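Engineer: Input file: query_39.txt. Contents: compact mmCIF, C-alpha atoms.
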```txt
# COMPACT_ATOMS: atom_id res chain seq x y z
CA MET A 245 -3.71 11.38 -18.28
CA LEU A 246 -0.12 12.52 -18.51
CA ARG A 247 0.82 14.92 -21.27
CA THR A 248 2.67 13.19 -24.13
CA GLY A 249 5.89 15.07 -23.41
CA VAL A 250 5.77 14.25 -19.70
CA LEU A 251 5.07 10.58 -20.41
CA ARG A 252 8.01 10.38 -22.84
CA ARG A 253 10.31 11.99 -20.26
CA VAL A 254 9.07 9.65 -17.52
CA ARG A 255 9.78 6.60 -19.72
CA THR A 256 13.28 7.84 -20.48
CA LEU A 257 13.97 8.43 -16.79
CA SER A 258 12.64 5.00 -15.88
CA ARG A 259 15.01 3.30 -18.34
CA ALA A 260 17.93 5.40 -17.10
CA ILE A 261 17.16 4.43 -13.50
CA GLN A 262 17.05 0.77 -14.47
CA ARG A 263 20.51 0.97 -16.08
CA ALA A 264 22.15 3.02 -13.34
CA GLN A 265 20.37 1.44 -10.36
CA LEU A 266 20.07 4.99 -8.99
CA HIS A 267 16.54 5.91 -8.01
CA THR A 268 16.40 9.59 -8.87
CA VAL A 269 13.41 11.01 -10.74
CA GLN A 270 12.35 14.54 -11.62
CA VAL A 271 8.81 15.49 -12.67
CA ASP A 272 6.71 18.62 -13.00
CA ARG A 273 3.70 17.58 -10.91
CA LEU A 274 3.40 15.49 -7.78
CA THR A 275 0.88 13.12 -9.41
CA ASP A 276 3.40 12.38 -12.20
CA PHE A 277 5.38 10.31 -9.69
CA GLU A 278 2.65 7.65 -9.81
CA HIS A 279 3.63 6.57 -13.34
CA VAL A 280 7.43 6.70 -13.45
CA PHE A 281 8.06 2.94 -13.26
CA ASP A 282 5.10 1.69 -15.32
CA SER A 283 6.67 1.53 -18.79
CA THR A 284 9.25 -1.26 -18.33
CA ASN A 285 8.78 -4.96 -17.53
CA GLN A 286 10.28 -5.58 -14.11
CA PHE A 287 9.92 -7.73 -11.00
CA ALA A 288 11.19 -7.63 -7.44
CA ALA A 289 11.10 -9.79 -4.34
CA VAL A 290 8.88 -8.32 -1.64
CA GLY A 291 10.65 -8.37 1.70
CA ASN A 292 9.37 -8.87 5.26
CA ARG A 293 6.37 -10.99 4.32
CA ALA A 294 5.02 -14.05 6.13
CA VAL A 295 2.64 -16.66 4.72
CA LEU A 296 0.12 -18.67 6.75
CA LYS A 297 -1.85 -21.61 5.36
CA VAL A 298 -5.47 -22.14 6.37
CA SER A 299 -6.90 -25.46 5.21
CA GLY A 300 -9.79 -27.79 5.99
CA LEU A 301 -13.46 -28.32 5.22
CA ASP A 302 -14.50 -25.09 6.97
CA ALA A 303 -11.59 -22.94 5.76
CA ARG A 304 -13.62 -20.71 3.43
CA GLU A 305 -16.45 -20.11 5.90
CA PHE A 306 -13.96 -19.51 8.70
CA LEU A 307 -12.00 -16.89 6.77
CA GLN A 308 -15.21 -15.27 5.52
CA GLY A 309 -16.05 -14.29 9.10
CA MET A 310 -12.52 -13.19 10.01
CA GLN A 311 -11.80 -10.41 7.51
CA CYS A 312 -13.56 -7.59 5.67
CA ASN A 313 -13.58 -8.76 2.04
CA ASP A 314 -15.71 -11.43 0.33
CA MET A 315 -14.01 -14.82 -0.07
CA GLU A 316 -15.64 -15.14 -3.49
CA SER A 317 -13.02 -12.67 -4.75
CA ALA A 318 -10.21 -14.94 -3.56
CA HIS A 319 -11.37 -17.58 -6.03
CA ASN A 320 -10.43 -15.27 -8.89
CA GLY A 321 -6.80 -15.85 -7.89
CA GLY A 322 -6.58 -13.80 -4.75
CA MET A 323 -7.69 -10.64 -3.01
CA LEU A 324 -6.60 -7.84 -0.71
CA THR A 325 -8.30 -7.65 2.67
CA GLY A 326 -7.96 -6.50 6.25
CA PHE A 327 -8.18 -8.28 9.59
CA LEU A 328 -9.80 -6.10 12.26
CA SER A 329 -10.17 -6.01 16.00
CA PRO A 330 -13.69 -6.37 17.47
CA GLN A 331 -13.65 -2.57 17.81
CA GLY A 332 -13.12 -2.20 14.05
CA ARG A 333 -9.46 -1.13 14.17
CA ILE A 334 -6.83 -2.51 11.82
CA LEU A 335 -4.79 -5.50 12.98
CA ALA A 336 -3.24 -6.34 9.63
CA ASP A 337 -3.63 -5.94 5.89
CA ALA A 338 -3.37 -9.22 4.00
CA PHE A 339 -3.57 -10.96 0.65
CA ILE A 340 -5.55 -14.21 0.52
CA TYR A 341 -4.89 -16.70 -2.29
CA ALA A 342 -7.15 -19.67 -3.05
CA LEU A 343 -5.51 -23.08 -3.43
CA PRO A 344 -7.05 -26.43 -4.41
CA GLU A 345 -8.75 -28.65 -1.86
CA SER A 346 -10.20 -25.99 0.46
CA SER A 347 -6.86 -24.38 1.26
CA TYR A 348 -5.80 -20.74 1.34
CA LEU A 349 -2.59 -18.78 1.74
CA VAL A 350 -2.74 -15.65 3.90
CA GLU A 351 0.15 -13.26 3.21
CA VAL A 352 0.90 -10.66 5.91
CA ASP A 353 3.71 -8.49 7.23
CA THR A 354 6.21 -10.57 9.23
CA ARG A 355 5.76 -8.22 12.21
CA VAL A 356 2.13 -9.28 12.66
CA ARG A 357 2.60 -13.00 11.96
CA GLU A 358 2.43 -14.14 15.58
CA ARG A 359 -0.54 -11.89 16.30
CA MET A 360 -2.38 -13.32 13.29
CA GLN A 361 -1.66 -16.89 14.36
CA ARG A 362 -2.98 -16.19 17.85
CA MET A 363 -6.11 -14.45 16.56
CA LEU A 364 -6.96 -17.17 14.04
CA GLY A 365 -6.36 -19.84 16.67
CA PHE A 366 -8.54 -17.99 19.20
CA TYR A 367 -11.54 -17.82 16.83
CA ARG A 368 -11.13 -21.30 15.38
CA LEU A 369 -13.19 -22.96 18.13
CA ARG A 370 -14.77 -26.06 16.57
CA ALA A 371 -14.19 -25.08 12.95
CA ARG A 372 -12.61 -27.87 10.90
CA VAL A 373 -9.51 -25.92 9.90
CA GLU A 374 -5.76 -26.23 10.28
CA ILE A 375 -3.54 -23.16 10.58
CA SER A 376 0.16 -23.46 9.81
CA ASP A 377 3.10 -21.14 9.13
CA VAL A 378 4.59 -21.88 5.68
CA SER A 379 6.74 -18.75 5.45
CA ASN A 380 9.94 -20.80 5.09
CA GLU A 381 8.48 -22.51 2.03
CA CYS A 382 7.21 -19.38 0.26
CA ASN A 383 8.63 -16.30 -1.42
CA VAL A 384 6.63 -13.24 -2.47
CA TRP A 385 7.25 -11.29 -5.68
CA GLN A 386 5.70 -8.33 -7.44
CA VAL A 387 5.88 -8.14 -11.24
CA TRP A 388 4.79 -5.14 -13.29
CA GLY A 389 5.04 -3.54 -16.69
CA PRO A 390 3.11 -3.63 -20.00
CA GLN A 391 3.46 -7.41 -20.38
CA SER A 392 2.70 -8.39 -16.76
CA PRO A 393 -1.07 -8.94 -17.30
CA HIS A 394 -0.26 -11.54 -19.98
CA LEU A 395 2.05 -13.75 -17.91
CA SER A 396 1.08 -17.33 -17.12
CA PHE A 397 1.65 -18.75 -13.62
CA ASP A 398 0.29 -22.28 -13.86
CA GLY A 399 0.29 -23.99 -10.47
CA VAL A 400 1.59 -20.90 -8.63
CA ALA A 401 -0.51 -18.73 -6.30
CA HIS A 402 -0.92 -15.30 -7.87
CA MET A 403 -3.39 -12.44 -8.25
CA ALA A 404 -3.82 -9.23 -10.20
CA ASP A 405 -2.88 -6.44 -7.80
CA THR A 406 -5.90 -4.13 -7.90
CA ARG A 407 -4.76 -1.70 -5.22
CA ALA A 408 -3.88 0.98 -7.80
CA PRO A 409 -3.64 1.14 -11.62
CA HIS A 410 -0.70 -0.75 -13.14
CA MET A 411 0.44 -2.27 -9.83
CA GLY A 412 1.00 -5.55 -11.70
CA VAL A 413 0.74 -9.10 -10.38
CA ARG A 414 1.42 -10.50 -6.91
CA VAL A 415 3.02 -13.97 -6.86
CA VAL A 416 3.68 -16.44 -4.01
CA GLY A 417 5.75 -19.55 -4.69
CA THR A 418 8.61 -21.74 -3.57
CA SER A 419 10.98 -20.59 -6.33
CA ARG A 420 11.19 -17.89 -8.97
CA PRO A 421 8.57 -18.55 -11.69
CA PRO A 422 9.87 -19.16 -15.24
CA ALA A 423 7.49 -16.42 -16.41
CA PHE A 424 9.94 -13.85 -15.04
CA SER A 425 12.64 -14.81 -17.56
CA ASP A 426 12.00 -11.84 -19.88
CA PHE A 427 11.59 -9.32 -17.06
CA ASP A 428 14.34 -7.28 -15.40
CA GLU A 429 14.94 -8.03 -11.72
CA GLN A 430 14.99 -5.03 -9.40
CA PRO A 431 15.79 -4.69 -5.69
CA SER A 432 12.91 -4.82 -3.23
CA THR A 433 13.57 -1.17 -2.41
CA LEU A 434 12.38 -0.21 -5.90
CA TYR A 435 9.10 -2.02 -5.32
CA GLU A 436 8.73 -0.10 -2.04
CA LEU A 437 9.44 3.23 -3.74
CA ARG A 438 7.03 2.45 -6.58
CA ARG A 439 4.09 1.52 -4.35
CA ILE A 440 4.70 4.55 -2.11
CA LEU A 441 4.70 6.93 -5.09
CA LYS A 442 1.39 5.39 -6.18
CA GLY A 443 -0.04 5.98 -2.70
CA VAL A 444 -0.45 2.27 -1.86
CA ALA A 445 -0.30 1.43 1.85
CA GLU A 446 1.15 -1.93 2.90
CA GLY A 447 2.37 -3.56 6.08
CA ALA A 448 2.69 -2.63 9.71
CA ASN A 449 4.20 0.83 9.12
CA ASP A 450 1.04 1.97 7.31
CA PHE A 451 -1.68 -0.20 8.84
CA VAL A 452 -1.12 0.75 12.47
CA ASP A 453 -3.32 -0.48 15.31
CA ALA A 454 -5.32 2.71 15.84
CA SER A 455 -6.29 3.12 12.17
CA LEU A 456 -9.64 2.41 10.57
CA PRO A 457 -9.68 0.33 7.37
CA LEU A 458 -11.15 3.21 5.33
CA GLU A 459 -8.46 5.59 6.61
CA CYS A 460 -5.95 3.16 5.12
CA ASN A 461 -7.83 3.27 1.77
CA LEU A 462 -8.88 -0.38 1.87
CA ASP A 463 -12.16 0.68 0.25
CA TYR A 464 -10.37 2.50 -2.58
CA MET A 465 -8.01 -0.48 -3.05
CA GLN A 466 -10.89 -3.01 -3.33
CA GLY A 467 -10.08 -4.56 0.02
CA VAL A 468 -13.51 -4.16 1.67
CA HIS A 469 -16.84 -5.70 0.65
CA PHE A 470 -19.76 -3.70 2.07
CA GLY A 471 -22.43 -6.24 1.13
CA LYS A 472 -21.07 -9.37 2.80
CA GLY A 473 -22.35 -10.85 6.05
CA CYS A 474 -20.98 -10.49 9.57
CA TYR A 475 -17.26 -10.43 10.30
CA VAL A 476 -15.04 -9.35 13.15
CA GLY A 477 -15.01 -5.52 13.35
CA GLN A 478 -17.86 -5.02 10.87
CA GLU A 479 -20.03 -2.57 12.81
CA LEU A 480 -17.69 0.43 12.85
CA THR A 481 -16.56 -0.19 9.25
CA ILE A 482 -20.13 -0.21 7.90
CA ARG A 483 -21.14 2.79 10.02
CA THR A 484 -18.19 4.81 8.72
CA HIS A 485 -19.02 3.85 5.14
CA HIS A 486 -22.69 4.83 5.37
CA ARG A 487 -21.89 8.15 7.01
CA GLY A 488 -19.81 8.91 3.94
CA VAL A 489 -17.21 10.92 5.84
CA VAL A 490 -13.62 9.77 6.21
CA ARG A 491 -11.68 12.77 7.46
CA LYS A 492 -8.23 11.20 7.41
CA ARG A 493 -6.63 9.01 4.76
CA ILE A 494 -3.17 7.74 3.86
CA VAL A 495 -1.65 9.86 1.08
CA PRO A 496 1.75 9.93 -0.65
CA VAL A 497 4.14 12.69 0.43
CA LEU A 498 7.46 14.15 -0.68
CA PHE A 499 10.09 15.25 1.85
CA SER A 500 12.44 18.18 1.23
CA PRO A 501 14.59 20.56 3.29
CA VAL A 502 12.30 22.91 5.17
CA ASP A 503 13.69 26.04 3.49
CA HIS A 504 13.48 24.72 -0.09
CA GLY A 505 9.78 25.12 -0.73
CA LEU A 506 8.04 23.08 -3.42
CA ARG A 507 10.38 23.63 -6.33
CA VAL A 508 9.86 22.49 -9.92
CA PRO A 509 11.14 20.10 -11.15
CA LEU A 510 10.17 17.94 -8.20
CA GLN A 511 12.67 15.25 -7.30
CA VAL A 512 12.56 11.92 -5.51
CA SER A 513 15.87 10.26 -4.72
CA ASP A 514 17.44 7.61 -2.50
CA GLU A 515 20.45 9.88 -1.90
CA TRP A 516 18.63 11.63 0.96
CA ALA A 517 16.44 9.52 3.25
CA PRO A 518 15.27 11.34 6.39
CA GLU A 519 14.24 9.09 9.30
CA LEU A 520 10.57 9.95 9.62
CA ALA A 521 8.64 6.69 10.11
CA GLN A 522 5.85 7.19 12.70
CA ARG A 523 6.71 10.88 13.15
CA ASP A 524 3.98 13.54 13.35
CA VAL A 525 3.12 15.82 10.40
CA VAL A 526 1.93 19.27 11.47
CA PRO A 527 0.65 22.24 9.40
CA SER A 528 3.17 25.06 9.71
CA GLY A 529 1.90 28.15 11.51
CA ALA A 530 -1.28 26.51 12.79
CA ARG A 531 -2.19 24.15 15.58
CA ALA A 532 -3.58 20.90 14.22
CA ARG A 533 -6.31 19.29 16.26
CA ARG A 534 -5.06 15.91 15.10
CA PRO A 535 -1.71 16.01 13.33
CA GLY A 536 -0.89 13.57 10.56
CA ARG A 537 1.59 10.74 10.95
CA VAL A 538 4.23 9.34 8.59
CA GLY A 539 4.07 5.63 7.74
CA SER A 540 6.43 3.82 5.39
CA THR A 541 9.21 5.73 3.61
CA ALA A 542 11.61 5.21 0.69
CA GLY A 543 14.27 7.83 0.08
CA ASN A 544 12.63 11.24 0.37
CA ALA A 545 9.15 9.86 -0.39
CA GLY A 546 6.67 8.35 2.00
CA LEU A 547 3.09 7.75 3.01
CA ALA A 548 1.32 9.68 5.74
CA LEU A 549 -2.08 9.55 7.41
CA MET A 550 -3.37 13.12 7.03
CA ARG A 551 -6.60 15.06 7.11
CA VAL A 552 -7.99 15.11 3.58
CA GLU A 553 -9.17 18.72 3.87
CA HIS A 554 -5.61 19.84 4.67
CA VAL A 555 -4.24 18.04 1.62
CA GLU A 556 -6.93 19.57 -0.59
CA GLN A 557 -6.13 23.06 0.74
CA PHE A 558 -2.44 22.49 0.11
CA ALA A 559 -3.12 21.37 -3.48
CA THR A 560 -5.28 24.36 -4.40
CA GLN A 561 -3.32 27.18 -2.77
CA THR A 562 -1.46 29.65 -4.98
CA ASP A 563 0.72 31.53 -2.46
CA ASP A 564 2.42 28.68 -0.54
CA GLN A 565 1.14 30.04 2.77
CA MET A 566 0.12 26.58 3.97
CA HIS A 567 2.70 23.83 4.20
CA PHE A 568 3.52 20.90 6.44
CA GLU A 569 6.55 19.91 8.47
CA ALA A 570 7.81 16.88 10.35
CA GLU A 571 10.69 16.40 12.75
CA CYS A 572 13.20 13.62 12.10
CA ALA A 573 14.50 11.33 14.80
CA ASP A 574 17.69 13.48 14.92
CA GLY A 575 15.72 16.70 15.44
CA GLN A 576 16.02 17.97 11.87
CA ARG A 577 12.82 19.50 10.50
CA VAL A 578 11.74 18.76 6.94
CA ARG A 579 9.01 19.98 4.66
CA VAL A 580 6.22 17.51 3.81
CA SER A 581 4.38 17.94 0.49
CA PRO A 582 1.32 15.66 0.13
CA TRP A 583 -0.94 14.93 -2.80
CA LEU A 584 -4.16 13.04 -3.48
CA PRO A 585 -3.51 10.10 -5.85
CA SER A 586 -5.00 10.63 -9.28
CA TRP A 587 -6.62 7.15 -9.21
CA TRP A 588 -8.80 7.94 -6.20
CA PRO A 589 -12.54 8.10 -6.94
CA LYS A 590 -13.77 11.62 -7.57
CA GLN A 591 -15.94 12.86 -4.72
```
Output the file's structure in the form of structure tokens.

Structural biologist:
Amino acid sequence: MLRTGVLRRVRTLSRAIQRAQLHTVQVDRLTDFEHVFDSTNQFAAVGNRAVLKVSGLDAREFLQGMQCNDMESAHNGGMLTGFLSPQGRILADAFIYALPESSYLVEVDTRVRERMQRMLGFYRLRARVEISDVSNECNVWQVWGPQSPHLSFDGVAHMADTRAPHMGVRVVGTSRPPAFSDFDEQPSTLYELRRILKGVAEGANDFVDASLPLECNLDYMQGVHFGKGCYVGQELTIRTHHRGVVRKRIVPVLFSPVDHGLRVPLQVSDEWAPELAQRDVVPSGARARRPGRVGSTAGNAGLALMRVEHVEQFATQTDDQMHFEAECADGQRVRVSPWLPSWWPKQ
């Protein structure tokens, strides 16, 4: 829980950001960033999303064997899931929404749309399903804030976003729902910044081909069902889960000039946005057997796949001897400060 004073300051900053449209926030602790946009009712369009429709008598059974979550969850509105290769590596993260008459919407990153269409078509065989691209007919929104759980979306595909606390509601429709009328519209970049600060991976920048679903926190975000039957890529996923050891995970990180150190108050801003997507993260002064890698970014915040033990050592040190660096596309080196999200299960 945040201290009362910190929470009051975070709420004031969030309202100031909304008025000024300038995304600059200062906090005392890295985990405080997770809550800075939770106190106001807002919504934003989510960019770079494609929507496929899977329909037919066998649609549910077909999708049950294609992804790593249980289709029963989709009938509570929708669910997060992952589509895997036969080797158990991530192909795409996705949201699946249940529609009437044995139909489903599958929302994915636009960069994996064609791959998803090919894969679903390849495995369809004799299943009585139809697969179509309805991206031109659909828009995706995220709505959040204290009143978001109470909104009504009759006749519109939507789901409670369970990836992290207070993520809000995910909505897919042809036009903006009337339920948004009392909420403040924000740019899609604010949604990106908010999910990154909460440590929520999404899309092709975070779910890269070589990653395992548990490294991308699909288990923590309720995107994997370990008790369901067979599906493509199941063997490695279940083996990793039962071993109980996931050495690398995606964590939120803060970028700063390499000579600044981790100064308090900590600041995230869109005034400085180093180009670091898919760049390596390396512990300073030590050779990493497997360096981390930056995923999606927003301003001087981002997500990175890193070894959990390194992040834990960084969080508990008292002398700042251990820190991380990454090299931008232009050769500039920056400091990378990671943290473990406060909503993660305690080990």

Engineer: So how many Å separate atom CA of Leu307 of chain A and atom CA of Val378 of chain A, to one decimal?

Structural biologist: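 Separating atom CA of Leu307 of chain A from atom CA of Val378 of chain A is a distance of 17.4 Å.
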
Engineer: Could you work out how far atom CA of Trp516 of chain A lies from atom CA of Ala288 of chain A, giving the answer in Å with one decimal?

Structural biologist: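 Separation of atom CA of Ala288 of chain A and atom CA of Trp516 of chain A: 22.3 Å.
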
Engineer: Restricting the calculation to all atoms listed in the file: of A:Ala408, A:Val490, A:Phe281, A:Ser376, which residue gets closest to Thr268 of chain A?

Structural biologist: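 Checking each candidate against Thr268 of chain A, we get A:Phe281 as the closest.
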
Engineer: Of the candidates A:Leu335, A:Met403, A:Ala289, A:Val526, which one gets nearest to Pro457 of chain A if we count all atoms listed in the file?

Structural biologist: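 Using all atoms listed in the file, the shortest distance to Pro457 of chain A belongs to A:Leu335.
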
Engineer: Using only C-alpha atoms, which protein or nucleic acid residues come within 12 Å of Ala573 of chain A? Drop anything in the same chain fewer than 2 positions from it, and give the result as an NGL selection string.

Structural biologist: :A and (517-524 or 570-571 or 575-578)

Engineer: Near His567 of chain A, within 7 Å and counting all atoms listed in the file, which residues show up once chain neighbours fewer than 2 positions away are dropped, as a list of chain:residue names?

Structural biologist: A:Pro527, A:Ser528, A:Phe558, A:Asp564, A:Gln565, A:Glu569
